[in-house]
$ cat work19.txt   # compact mmCIF, C-alpha atoms
# COMPACT_ATOMS: atom_id res chain seq x y z
CA MET G 195 -1.27 1.79 -16.32
CA VAL G 196 -1.20 2.26 -12.57
CA PRO G 197 -2.46 -0.87 -10.79
CA ASP G 198 -5.99 -0.41 -9.41
CA MET G 199 -5.09 -1.17 -5.83
CA ASP G 200 -7.47 -1.04 -2.90
CA ILE G 201 -7.16 1.95 -0.61
CA TYR G 202 -6.56 0.97 3.00
CA PRO G 203 -5.05 2.44 6.18
CA LEU G 204 -1.26 2.56 6.07
CA SER G 205 1.69 2.86 8.35
CA VAL G 206 4.80 5.00 8.07
CA ASP G 207 6.70 2.08 6.57
CA SER G 208 4.33 0.97 3.83
CA GLY G 209 1.45 2.15 1.70
CA GLU G 210 -0.28 5.24 0.39
CA TYR G 211 -0.97 8.48 2.20
CA GLU G 212 -3.66 11.15 2.31
CA HIS G 213 -2.82 14.43 0.61
CA ALA G 214 -4.89 16.74 2.76
CA CYS G 215 -2.96 16.31 6.00
CA GLU G 216 -0.06 18.49 7.06
CA VAL G 217 3.37 16.88 7.05
CA THR G 218 3.70 17.49 10.78
CA ASP G 219 0.67 15.37 11.70
CA CYS G 220 0.38 12.77 8.96
CA PHE G 221 1.00 9.86 11.30
CA GLY G 222 -0.37 9.16 14.73
CA ASP G 223 1.76 8.42 17.75
CA ASN G 224 1.74 4.73 16.83
CA GLY G 225 2.97 5.41 13.28
CA ILE G 226 -0.36 4.37 11.72
CA GLU G 227 -2.56 6.50 9.50
CA PRO G 228 -5.31 8.01 11.73
CA PRO G 229 -8.84 6.85 10.81
CA VAL G 230 -10.04 10.36 9.99
CA LYS G 231 -7.08 10.94 7.65
CA TYR G 232 -7.72 7.59 6.00
CA ILE G 233 -11.40 8.42 5.43
CA ILE G 234 -10.56 11.78 3.85
CA ARG G 235 -7.96 10.22 1.57
CA LYS G 236 -10.19 7.33 0.56
CA ARG G 237 -13.06 9.69 -0.25
CA THR G 238 -10.76 11.78 -2.44
CA VAL G 239 -9.73 8.71 -4.43
CA ASP G 240 -13.31 7.41 -4.60
CA LEU G 241 -14.52 10.74 -6.01
CA ALA G 242 -11.80 10.70 -8.67
CA ARG G 243 -12.90 7.21 -9.72
CA LEU G 244 -16.52 8.37 -9.95
CA VAL G 245 -15.47 11.34 -12.07
CA ASN G 246 -13.73 9.04 -14.53
CA ASP G 247 -16.71 6.67 -14.63
CA ALA G 248 -19.12 9.53 -15.28
CA ILE G 249 -16.94 10.93 -18.06
CA GLU G 250 -16.95 7.56 -19.80
CA LYS G 251 -20.63 6.72 -19.27
CA GLU G 252 -22.56 10.01 -19.13
CA LEU G 253 -20.98 12.14 -21.88
CA THR G 254 -21.17 12.05 -25.65
CA ASP G 255 -17.99 11.47 -27.65
CA ILE G 256 -17.43 15.18 -28.33
CA GLU G 257 -18.22 16.12 -24.72
CA ARG G 258 -15.77 13.49 -23.49
CA LEU G 259 -13.09 14.73 -25.87
CA THR G 260 -13.38 18.39 -24.89
CA ILE G 261 -13.74 17.87 -21.13
CA THR G 262 -10.81 15.43 -21.12
CA GLN G 263 -8.57 17.88 -22.92
CA MET G 264 -9.61 20.74 -20.65
CA TYR G 265 -9.60 18.87 -17.32
CA PHE G 266 -6.70 16.48 -17.84
CA GLU G 267 -4.50 18.10 -20.47
CA ASN G 268 -4.97 21.69 -19.24
CA LYS G 269 -5.88 22.96 -22.69
CA LYS G 270 -7.81 26.18 -23.24
CA ALA G 271 -10.92 26.41 -25.42
CA ALA G 272 -8.97 28.15 -28.19
CA GLN G 273 -6.38 25.36 -28.32
CA ILE G 274 -9.05 22.65 -28.34
CA ALA G 275 -10.87 24.47 -31.14
CA GLU G 276 -7.69 24.71 -33.22
CA GLU G 277 -6.79 21.05 -32.75
CA THR G 278 -10.29 19.66 -33.33
CA GLY G 279 -11.48 22.09 -36.00
CA ILE G 280 -14.51 22.96 -33.88
CA ASN G 281 -15.61 26.56 -33.49
CA ARG G 282 -14.32 28.05 -30.23
CA ALA G 283 -17.79 29.09 -29.11
CA SER G 284 -19.00 25.54 -29.76
CA VAL G 285 -16.14 24.15 -27.68
CA SER G 286 -17.10 26.41 -24.77
CA ARG G 287 -20.74 25.38 -25.01
CA THR G 288 -19.76 21.71 -25.20
CA VAL G 289 -17.56 21.99 -22.12
CA LEU G 290 -20.32 23.74 -20.20
CA ARG G 291 -22.83 21.07 -21.24
CA ALA G 292 -20.41 18.32 -20.15
CA GLN G 293 -19.75 20.03 -16.81
CA ASN G 294 -23.47 20.34 -16.14
CA LYS G 295 -23.95 16.64 -16.89
CA LEU G 296 -21.11 15.68 -14.54
CA HIS G 297 -22.41 17.95 -11.79
CA SER G 298 -25.89 16.47 -12.15
CA ALA G 299 -24.65 12.87 -12.21
CA LEU G 300 -22.28 13.27 -9.26
CA LYS G 301 -23.93 15.95 -7.12
CA TYR G 302 -25.19 13.75 -4.31
CA ALA G 303 -22.15 11.49 -4.34
CA VAL G 304 -19.92 14.55 -3.98
CA MET G 305 -22.03 15.93 -1.15
CA TYR G 306 -21.74 12.59 0.67
CA ILE G 307 -18.05 12.08 0.03
CA THR G 308 -17.05 15.62 0.98
CA ASP G 309 -19.66 16.25 3.70
CA PHE G 310 -20.82 19.36 1.85
CA ALA G 311 -24.18 20.74 2.92
CA ASP G 312 -24.18 23.24 0.04
CA ALA G 313 -24.65 21.83 -3.46
CA ALA G 314 -23.15 25.03 -4.88
CA LEU G 315 -19.73 23.75 -3.79
CA VAL G 316 -20.00 20.62 -5.96
CA PRO G 317 -18.30 22.13 -9.07
CA ALA G 318 -15.26 23.16 -7.02
CA ALA G 319 -15.02 19.69 -5.46
CA LEU G 320 -15.14 18.02 -8.88
CA GLN G 321 -12.49 20.36 -10.23
CA LYS G 322 -10.26 19.60 -7.25
CA SER G 323 -10.53 15.88 -7.93
CA ALA G 324 -9.31 16.35 -11.52
CA GLN G 325 -5.62 15.82 -10.71
CA THR G 326 -6.25 12.51 -8.99
CA ALA G 327 -8.65 11.44 -11.75
CA SER G 328 -6.12 12.48 -14.39
CA ALA G 329 -3.37 10.40 -12.78
CA MET G 330 -5.67 7.38 -12.76
CA ARG G 331 -6.15 7.75 -16.52
CA MET G 332 -2.45 8.01 -17.27
CA LYS G 333 -0.59 5.45 -19.35
CA PRO G 334 2.96 6.19 -18.15
CA LYS G 335 5.69 5.80 -20.76
CA ASN G 336 8.72 6.01 -18.46
CA LEU G 337 9.85 5.73 -14.85
CA SER G 338 9.28 9.39 -13.95
CA GLU G 339 5.69 9.25 -15.20
CA ARG G 340 5.08 6.00 -13.31
CA LEU G 341 6.40 7.57 -10.10
CA PHE G 342 4.09 10.55 -10.55
CA ALA G 343 1.07 8.38 -11.40
CA LEU G 344 1.57 6.11 -8.40
CA ARG G 345 1.60 9.09 -6.04
CA ALA G 346 -1.02 11.34 -7.61
CA SER G 347 -3.55 8.59 -8.33
CA ARG G 348 -3.68 7.90 -4.61
CA GLY G 349 -4.05 11.53 -3.57
CA ILE G 350 -0.63 11.80 -1.94
CA SER G 351 1.33 15.04 -1.86
CA GLU G 352 5.05 15.16 -2.63
CA LYS G 353 5.77 16.35 0.92
CA VAL G 354 3.91 13.48 2.53
CA LEU G 355 5.56 10.92 0.26
CA ALA G 356 8.99 12.45 0.92
CA ARG G 357 8.51 12.09 4.66
CA ALA G 358 7.23 8.53 4.39
CA LEU G 359 10.08 7.41 2.10
CA GLU G 360 12.68 9.52 3.92
CA ILE G 361 13.68 11.09 0.61
CA PRO G 362 14.02 14.90 0.33
CA HIS G 363 10.98 16.65 -1.14
CA GLU G 364 13.13 18.30 -3.79
CA ARG G 365 14.43 14.90 -4.82
CA ILE G 366 10.88 13.53 -5.22
CA ASN G 367 10.07 16.49 -7.46
CA LYS G 368 13.12 15.91 -9.65
CA LEU G 369 12.46 12.17 -9.94
CA GLU G 370 8.91 12.81 -11.13
CA ALA G 371 10.09 15.52 -13.53
CA GLY G 372 12.62 13.11 -15.00
CA SER G 373 15.51 15.50 -14.41
CA GLU G 374 17.28 12.97 -12.17
CA CYS G 375 17.46 9.17 -12.18
CA ALA G 376 16.22 7.08 -9.27
CA SER G 377 18.79 5.03 -7.37
CA ALA G 378 18.35 1.34 -6.58
CA ASP G 379 17.60 2.25 -2.96
CA GLU G 380 14.91 4.72 -4.01
CA ILE G 381 13.33 2.17 -6.34
CA THR G 382 13.23 -0.28 -3.44
CA ARG G 383 11.54 2.30 -1.19
CA TYR G 384 8.91 3.11 -3.81
CA CYS G 385 8.20 -0.58 -4.39
CA ALA G 386 7.77 -1.27 -0.68
CA PHE G 387 5.60 1.80 -0.12
CA PHE G 388 3.24 1.21 -3.05
CA SER G 389 3.38 -2.60 -2.91
CA VAL G 390 4.49 -2.95 -6.53
CA SER G 391 7.30 -4.97 -8.03
CA ALA G 392 10.46 -3.42 -9.39
CA ASP G 393 9.62 -4.88 -12.81
CA THR G 394 6.27 -3.06 -12.78
CA LEU G 395 7.81 0.21 -11.65
CA LEU G 396 10.56 0.00 -14.27
CA GLY G 397 8.09 -0.93 -17.00
CA ILE G 398 9.61 -4.34 -17.66
CA VAL G 399 6.21 -6.07 -17.35

$ encode --input "work19.txt" --output "structure tokens"
Amino acid sequence: MVPDMDIYPLSVDSGEYEHACEVTDCFGDNGIEPPVKYIIRKRTVDLARLVNDAIEKELTDIERLTITQMYFENKKAAQIAEETGINRASVSRTVLRAQNKLHSALKYAVMYITDFADAALVPAALQKSAQTASAMRMKPKNLSERLFALRASRGISEKVLARALEIPHERINKLEAGSECASADEITRYCAFFSVSADTLLGIV
């Protein structure tokens, strides 16, 4: 499980980074995360945490099962129906009911976090937070999954992480896909950036 670390402003040399900024202006002239970028990133992570809390506390067991499979496992209604033995139409109705509950429970929090004046945009904001929320729920089984979870659970894009770690973007992608093995130097960079031990990253503890 990814450590539940506090989100705080970071420098080029250490920490997490906000996914919404462009690679060309991620860092200020002093090498520190600009306050506005930090606020946007922190709000993204906060919303993902609220989504997970609402799923656990506001939904019934069947609503939680279907919305989790659709949001976090990218399964279609037909696949969920086949795997659970529930009628496809019932799955669709259950997902819609779960979405409505989440929208109702989180509407004002989303509007505050995202500065939306229009409540109609809430569903899109919740959907966008799904990747970050999904990464927070992960139980990584290997190094590549832990690398992905560390990055995605903090709302960091591959491009931003690549620039911060001074590792090519393509290399980051391959490390997370598990198609290439991380070197000792890369492990050290990840550990310093995310403030985790090598034992934790390698799954030894």

$ atom_distance --input "work19.txt" --atom1 "atom CA of G:Thr260" --atom2 "atom CA of G:Ser347"
21.6 Å

$ closest_residue --input "work19.txt" --among "G:Gly279, G:His297, G:Arg345, G:Ile366" --to "G:Ala248" --atoms "all atoms listed in the file"
G:His297

$ atom_distance --input "work19.txt" --atom1 "atom CA of G:Met305" --atom2 "atom CA of G:Val245"
13.5 Å

$ closest_residue --input "work19.txt" --among "G:Met330, G:Leu296, G:Leu244, G:Ile234" --to "G:Thr308" --atoms "only C-alpha atoms"
G:Ile234

$ residues_around --input "work19.txt" --residues "G:Ile256" --least-positions-apart "3" --cutoff "12 Å" --atoms "only C-alpha atoms" --output "list of chain:residue names"
G:Ile249, G:Glu250, G:Glu252, G:Leu253, G:Leu259, G:Thr260, G:Ile261, G:Thr262, G:Gln263, G:Ile274, G:Ala275, G:Thr278, G:Gly279, G:Ile280, G:Ser284, G:Val285, G:Ser286, G:Arg287, G:Thr288, G:Val289, G:Arg291, G:Ala292

$ closest_residue --input "work19.txt" --among "G:Cys385, G:Leu359, G:Val316, G:Leu395" --to "G:Lys335" --atoms "only C-alpha atoms"
G:Leu395

$ atom_distance --input "work19.txt" --atom1 "atom CA of G:Tyr265" --atom2 "atom CA of G:Glu352"
21.1 Å

$ residues_around --input "work19.txt" --residues "G:Ile381" --least-positions-apart "3" --cutoff "9 Å" --atoms "all atoms listed in the file" --output "mmCIF file with C-alpha atoms, keeping the file's coordinate frame"
data_model
loop_
_atom_site.group_PDB
_atom_site.id
_atom_site.type_symbol
_atom_site.label_atom_id
_atom_site.label_comp_id
_atom_site.auth_asym_id
_atom_site.auth_seq_id
_atom_site.Cartn_x
_atom_site.Cartn_y
_atom_site.Cartn_z
ATOM 1 C CA ALA G 376 16.220 7.080 -9.270
ATOM 2 C CA SER G 377 18.790 5.030 -7.370
ATOM 3 C CA ALA G 378 18.350 1.340 -6.580
ATOM 4 C CA TYR G 384 8.910 3.110 -3.810
ATOM 5 C CA CYS G 385 8.200 -0.580 -4.390
ATOM 6 C CA ALA G 386 7.770 -1.270 -0.680
ATOM 7 C CA ALA G 392 10.460 -3.420 -9.390
ATOM 8 C CA LEU G 395 7.810 0.210 -11.650
ATOM 9 C CA LEU G 396 10.560 0.000 -14.270
#

$ closest_residue --input "work19.txt" --among "G:Asp393, G:Ala299, G:Lys231, G:Ala242" --to "G:Arg331" --atoms "all atoms listed in the file"
G:Ala242

$ residues_around --input "work19.txt" --residues "G:Glu374" --least-positions-apart "3" --cutoff "9 Å" --atoms "only C-alpha atoms" --output "list in words"
Ser338, Arg365, Lys368, Leu369, Glu370 and Ala371 of chain G

$ closest_residue --input "work19.txt" --among "G:Ala346, G:Ile233, G:Leu320, G:Cys375" --to "G:Gln293" --atoms "all atoms listed in the file"
G:Leu320

$ closest_residue --input "work19.txt" --among "G:Leu290, G:Asp255, G:Phe387, G:Asp309" --to "G:Ala271" --atoms "all atoms listed in the file"
G:Leu290

$ axis_aligned_box --input "work19.txt" --around "stretch 323-328 of chain G" --padding-each-side "5 Å" --output "JSON"
{"center_x": -8.1, "center_y": 13.9, "center_z": -11.2, "size_x": 14.9, "size_y": 14.9, "size_z": 16.5}

$ residues_near_point --input "work19.txt" --point "(-17.6, 9.7, 4.0)" --cutoff "12 Å" --atoms "all atoms listed in the file" --output "list in words"
Pro229, Val230, Lys231, Tyr232, Ile233, Ile234, Arg235, Lys236, Arg237, Thr238, Val239, Asp240, Leu241, Tyr302, Ala303, Val304, Met305, Tyr306, Ile307, Thr308, Asp309 and Phe310 of chain G

$ decode --input "work19.txt" --residues "stretch 210-307 of chain G" --atoms "C-alpha atoms" --output "compact mmCIF listing (two decimals), in the first residue's frame"
# COMPACT_ATOMS: atom_id res chain seq x y z
CA GLU G 210 5.78 15.21 -5.25
CA TYR G 211 4.57 17.36 -8.11
CA GLU G 212 1.30 18.68 -9.49
CA HIS G 213 0.02 17.01 -12.63
CA ALA G 214 -1.83 19.94 -14.14
CA CYS G 215 1.18 22.14 -14.85
CA GLU G 216 3.11 22.13 -18.09
CA VAL G 217 6.61 20.69 -17.99
CA THR G 218 8.05 24.03 -19.06
CA ASP G 219 6.75 25.91 -16.02
CA CYS G 220 6.52 23.33 -13.25
CA PHE G 221 9.10 25.05 -11.09
CA GLY G 222 9.55 28.69 -10.25
CA ASP G 223 12.78 30.59 -10.74
CA ASN G 224 13.91 29.50 -7.27
CA GLY G 225 13.31 25.81 -8.02
CA ILE G 226 10.37 25.60 -5.58
CA GLU G 227 6.83 24.56 -6.42
CA PRO G 228 4.78 27.77 -6.93
CA PRO G 229 1.96 28.22 -4.37
CA VAL G 230 -0.77 28.16 -7.01
CA LYS G 231 0.57 24.90 -8.48
CA TYR G 232 0.77 23.41 -5.00
CA ILE G 233 -2.84 24.36 -4.22
CA ILE G 234 -4.11 22.81 -7.46
CA ARG G 235 -2.18 19.60 -6.85
CA LYS G 236 -3.24 19.35 -3.22
CA ARG G 237 -6.90 19.87 -4.15
CA THR G 238 -6.67 17.10 -6.74
CA VAL G 239 -5.32 14.67 -4.15
CA ASP G 240 -7.83 15.82 -1.52
CA LEU G 241 -10.72 15.22 -3.93
CA ALA G 242 -9.46 11.71 -4.70
CA ARG G 243 -9.36 10.94 -0.98
CA LEU G 244 -12.92 12.21 -0.56
CA VAL G 245 -14.06 10.05 -3.48
CA ASN G 246 -12.61 6.96 -1.82
CA ASP G 247 -14.16 7.87 1.54
CA ALA G 248 -17.58 8.40 -0.05
CA ILE G 249 -17.39 5.09 -1.90
CA GLU G 250 -16.69 3.27 1.35
CA LYS G 251 -19.21 5.13 3.53
CA GLU G 252 -22.09 6.22 1.29
CA LEU G 253 -22.69 3.23 -1.00
CA THR G 254 -24.24 -0.18 -0.46
CA ASP G 255 -22.13 -3.28 -0.99
CA ILE G 256 -23.43 -3.88 -4.53
CA GLU G 257 -23.10 -0.19 -5.44
CA ARG G 258 -19.53 -0.19 -4.15
CA LEU G 259 -18.70 -3.33 -6.11
CA THR G 260 -20.05 -2.07 -9.42
CA ILE G 261 -18.72 1.48 -9.19
CA THR G 262 -15.29 0.20 -8.13
CA GLN G 263 -15.10 -2.16 -11.08
CA MET G 264 -16.26 0.52 -13.50
CA TYR G 265 -14.23 3.45 -12.14
CA PHE G 266 -11.06 1.69 -11.07
CA GLU G 267 -10.89 -1.48 -13.15
CA ASN G 268 -12.26 0.07 -16.36
CA LYS G 269 -14.84 -2.65 -16.80
CA LYS G 270 -17.97 -2.20 -18.91
CA ALA G 271 -21.48 -2.99 -17.66
CA ALA G 272 -21.61 -6.17 -19.74
CA GLN G 273 -18.38 -7.48 -18.22
CA ILE G 274 -19.50 -6.64 -14.68
CA ALA G 275 -22.82 -8.39 -15.33
CA GLU G 276 -21.06 -11.52 -16.60
CA GLU G 277 -18.65 -11.69 -13.67
CA THR G 278 -21.21 -10.95 -10.94
CA GLY G 279 -24.20 -12.78 -12.41
CA ILE G 280 -26.27 -9.59 -12.21
CA ASN G 281 -28.50 -8.58 -15.10
CA ARG G 282 -26.79 -5.98 -17.30
CA ALA G 283 -29.67 -3.53 -16.98
CA SER G 284 -29.49 -3.90 -13.20
CA VAL G 285 -25.76 -3.19 -13.28
CA SER G 286 -26.36 0.01 -15.26
CA ARG G 287 -29.06 1.13 -12.84
CA THR G 288 -26.83 0.33 -9.87
CA VAL G 289 -23.94 2.33 -11.32
CA LEU G 290 -26.22 5.28 -12.01
CA ARG G 291 -27.62 5.13 -8.47
CA ALA G 292 -24.07 5.00 -7.04
CA GLN G 293 -22.95 7.93 -9.20
CA ASN G 294 -25.91 10.01 -8.07
CA LYS G 295 -25.09 9.26 -4.43
CA LEU G 296 -21.45 10.26 -4.93
CA HIS G 297 -22.40 13.44 -6.76
CA SER G 298 -24.83 14.36 -3.99
CA ALA G 299 -22.36 13.59 -1.19
CA LEU G 300 -19.44 15.41 -2.81
CA LYS G 301 -21.09 18.19 -4.81
CA TYR G 302 -20.17 21.12 -2.59
CA ALA G 303 -16.74 19.76 -1.74
CA VAL G 304 -15.99 19.42 -5.46
CA MET G 305 -17.22 22.94 -6.16
CA TYR G 306 -14.94 24.28 -3.42
CA ILE G 307 -11.91 22.23 -4.36
